[in-house]
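See structure below.
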Amino acid sequence: MKRIVNIAMCLCLTLSATAQNFKSGSLFYNVIKGKNVEVTLESNDPTKNYATLTTIDIPSTVEANGTKYTVVAIGERAFSGCQTLSTITIPQTLTSIASSAFDGCNGVKTVIWNATKFPMKKGAESPLHDFKSTLTNISFGKDVTEIPDYLCAELIVLNNVEINNKISTIGEGAFSDCRALENVTIGNNVRIIDKEAFRGCTNLKTIQISQNVATIGKNAFDGCSSLTNVIWEAQSLKVKKDVDAPFYSVRKQIESVKFGSKVKMVPQYFFYEMERIKSVTLSNNITTVSEHAFENCKNLKEVVLGTDIKTIDDFAFRGCSDLETINLDKVSNIGESAFENCQKLTDVTFAGKIKEISKNAFKNCAALQNIVLSDATQTISEGAFDGCKALAKITIPQGITSISPLAFANCTALQTIEWNAVKFKDIKKDVDAPFGQVASHITSITFGELVTRIPAQLCINFTQLTTLSLPATVVSIGAGAFRGCTALAEVTFANESTLIEDGAFESTTEIKR
């Protein structure tokens with residue numbers, strides 16, 4: 001019987017030595033492979049397992065019997081039942097935390113995370129899940145470059161996050177469902193905020209996006225029901241579709257966006273359908289408002305463009321139905337449909353550098369009454385002012401060389417034209433006449449003092465035009481220029497030698513010089 005007891009004791013000692021190889025400092029370690037070790041439990045009795053520890057600083061390396069080991073893991077139940085533990089420092093070398101490592105650690109409030117090689121486990125449970133009801137603070141060491149996927153997921157009382165300037169990636173779901181998180185400042189080196197990174201952070205009110213962020217994954221802020229304020233410093237983010245816009249999933253609640261002083265571009269779809277945005281002031285360094293940037297911001301009333309603005313890209317403000325005024329005196333490029341369906345826009349003054357009013361640029365701007373084009377403008381494209389039903393007068397500047405026959409389609413109030421173009425070419429086909437769509441509404445057209453020729457077929461079918469006065473500078477009138485002006489009864493020529501080409505007044509009454 002004694003022999004049997006001795007054998008049993010030897011087995012116990014052997015097992016104990018295998019399960020717990022050595023102690024270093026206040027912690028116990030197992031050798032798991034080569035010179036890699038894991039932190040292991042002090043005692044199988046949960047009431048005695050590291051029972052007095054309040055702070056744990058796990059080292060990256062430990063020594064035993066002259067051998068240096070690397071700490072790569074925290075093993076099963078390593079700190080189970082340690083209810084006095086409040087602060088944990090995770091070493092740089094750690095790559096694994098067992099799911100039961102912190103069972104029953106109900107007092108942990110702070111984690112200092114130094115791990116630089118911890119695997120990004122997509123969809124995995126947070127390695128800190130045991131602290132979800134207690135952890136309020138997490139900070140990242142100076143050498144950490146990536147926040148692993150789901151690292152802080154469901155830490156429901158976490159309210160303080162320090163993201164250092166070396167971190168380049170915030171992983172998928174990294175802070176998802178951190179319901180107590182209110183404000184987050186993204187470190188200056190962050191380039192990637194992966195999808196769903198802050199999903200479900202229901203108390204997040206303000207987010208500051210740093211200058212190097214180039215990618216924000218889909219639904220990064222989905223379910224952030226309190227998020228209303230954005231501080232935007234990113235300089236190179238690009239978006240291809242509306243659903244990929246960084247705040248698409250919370251677009252109905254954003255109230256304020258402030259741009260950093262170094263931002264040069266409002267990204268594509270950035271404000272897309274942000275219905276609570278009423279006023280936006282762009283910093284002076286912003287040169288471009290990208291495609292669809294403010295599309296369908298239905299309550300946007302005012303936009304203040306900075307001093308360096310140059311380009312309003314395609315569809316940039318389309319559907320901003322409450323936008324009343326905008327100063328474009330610094331703009332040199334306006335894209336297709338840039339202000340289409342801005343139904344309350346009343347006044348537009350163009351800069352001296354705009355060469356083209358693009359296709360449908362102001363289509364269906366039903367309240368637009370005053371348009372002041374610059375002499376630099378050369379082209380008014382198809383549908384540029386289509387449906388501008390309040391537009392009663394248009395002044396055509398001297399630099400205009402081309403006007404689409406559909407440029408003023410459905411401008412039912414347009415009656416008066418001031419024509420100053422000096423390089424406009426003859427119109428070969430009547431269907432190409434620039435005012436053909438509104439010809440029957442025109443009651444008055446005057447020609448500037450620099451005009452020397454009235455292009456062929458320019459004013460065909462102006463059926464309500466009754467009188468016409470031509471300045472002395474006009475030396476020729478192109479063929480069919482006033483053809484079909486059936487009500488025209490009086491034409492005054494300041495220059496009696498003006499050449500009248502064939503059919504210039506066809507179908508009108510007799511013209512006397």
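Naming scheme: A, B, ... for chains in displayed order of the structure tokens; residues 1 onward per chain; ligands 1 onward as shown.
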Which parts of range 188-426 of chain A does DSSP call strand (DSSP E or B) when run on the backbone here, written out as an NGL selection string?
:A and (192-193 or 206-209 or 215-216 or 229-232 or 256-259 or 265-266 or 279-281 or 288-289 or 302-304 or 311-312 or 325-328 or 333-334 or 347-350 or 356-357 or 370-372 or 379-380 or 393-396 or 402-403 or 416-419)
May I have the residues within 12 Å of range 68-71 of chain A as number ranges by chain, using only C-alpha atoms and disregarding those fewer than 6 positions away in the same chain?
A: 21-22, 24, 27-40, 57-62, 90-97, 115
Write down as a ChimeraX atom specification the residues belonging to range 296-462 of chain A that are assigned helix (DSSP H, G or I) by DSSP computed on the backbone.
/A:430-432,436-441
So which residues touch Ala361 in chain A within 6 Å, counting only C-alpha atoms, skipping near sequence neighbours fewer than 3 positions away, as a PyMOL selection string?
chain A and resi 336-340+358+384
Preceding selection exported with C-alpha atoms as a compact mmCIF listing (two decimals), in the first residue's frame:
# COMPACT_ATOMS: atom_id res chain seq x y z
CA GLU A 336 -22.85 67.89 -65.14
CA SER A 337 -26.08 68.27 -63.14
CA ALA A 338 -24.11 69.99 -60.38
CA PHE A 339 -27.15 71.96 -59.18
CA GLU A 340 -29.96 70.02 -60.84
CA SER A 358 -22.18 71.81 -68.25
CA ALA A 384 -27.95 73.67 -68.66
Could you list, as a ChimeraX atom specification, every residue within 8 Å of Gln415 in chain A, counting only C-alpha atoms and ignoring same-chain residues fewer than 4 positions away?
/A:392-393,441-444
Computed gap from CA of Ile326 in chain A to CA of Glu302 in chain A is 7.1 Å
Rank A:Val266, A:Leu282, A:Ile380, A:Val161 by their smallest atom-to-atom distance to Asn137 in chain A, using only C-alpha atoms, and report the top residue only.
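With only C-alpha atoms as the atom set, the closest residue is A:Val161.
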Measuring between only C-alpha atoms, which one of A:Thr84, A:Phe447, A:Ser26, A:Phe362 shows the shortest distance to Ala51 in chain A?
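Among A:Thr84, A:Phe447, A:Ser26, A:Phe362, it is A:Thr84 that comes nearest to Ala51 in chain A.
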Taking 6 positions as the minimum chain separation for residues in the same chain, which residues sit within 10 Å of Leu158 in chain A when counting only C-alpha atoms? Answer as a list in words.
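Answer for this query is Lys109, Thr110, Phe131, Lys132, Ser133, Thr134, Leu135, Thr136, Asn137, Ile138, Cys152, Phe175, Asp177, Cys178, Arg179, Ala180, Leu181 and Glu182 of chain A.
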For range 306-313 of chain A, list every protein, DNA or RNA residue within 8 Å, evaluated using only C-alpha atoms, and leave out those in the same chain fewer than 5 positions away; present the list as a list in words.
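Surrounding residues, per the criterion: Thr281, Leu282, Ser283, Asn284, Asn285, Ile286, Thr287, Thr288, Val289, Ser290, Glu291, His292, Lys330, Val331, Ser332, Asn333, Ile334, Gly335, Glu336 and Ala338 of chain A.
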Could you tell me how far CA of Ser440 in chain A lies from CA of Thr452 in chain A, in Å and to one decimal?
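According to the coordinates, CA of Ser440 in chain A and CA of Thr452 in chain A are separated by 25.4 Å.
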Skipping near chain neighbours, those fewer than 2 positions away, what residues fall within 6 Å of Ala234 in chain A using only C-alpha atoms, listed as a list in words?
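Residues near the query, excluding close chain neighbours: Ser210, Gln211, Asn212, Val213 and Trp232 of chain A.
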Find the residue from A:Thr416, A:Asn160, A:Ser404, A:Ser381 that sits nearest to Val431 in chain A; use only C-alpha atoms when measuring.
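Residue with the minimum atom-to-atom distance to Val431 in chain A: A:Ser404.
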Given only C-alpha atoms as the basis, pick out the residue of A:Asp329, A:Glu418, A:Asp103, A:Glu356 nearest to Glu449 in chain A.
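The closest residue to Glu449 in chain A is A:Glu418.
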Which distance in Å separates CA of Lys258 in chain A and CA of Val280 in chain A, to one decimal?
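So the answer is 8.2 Å.
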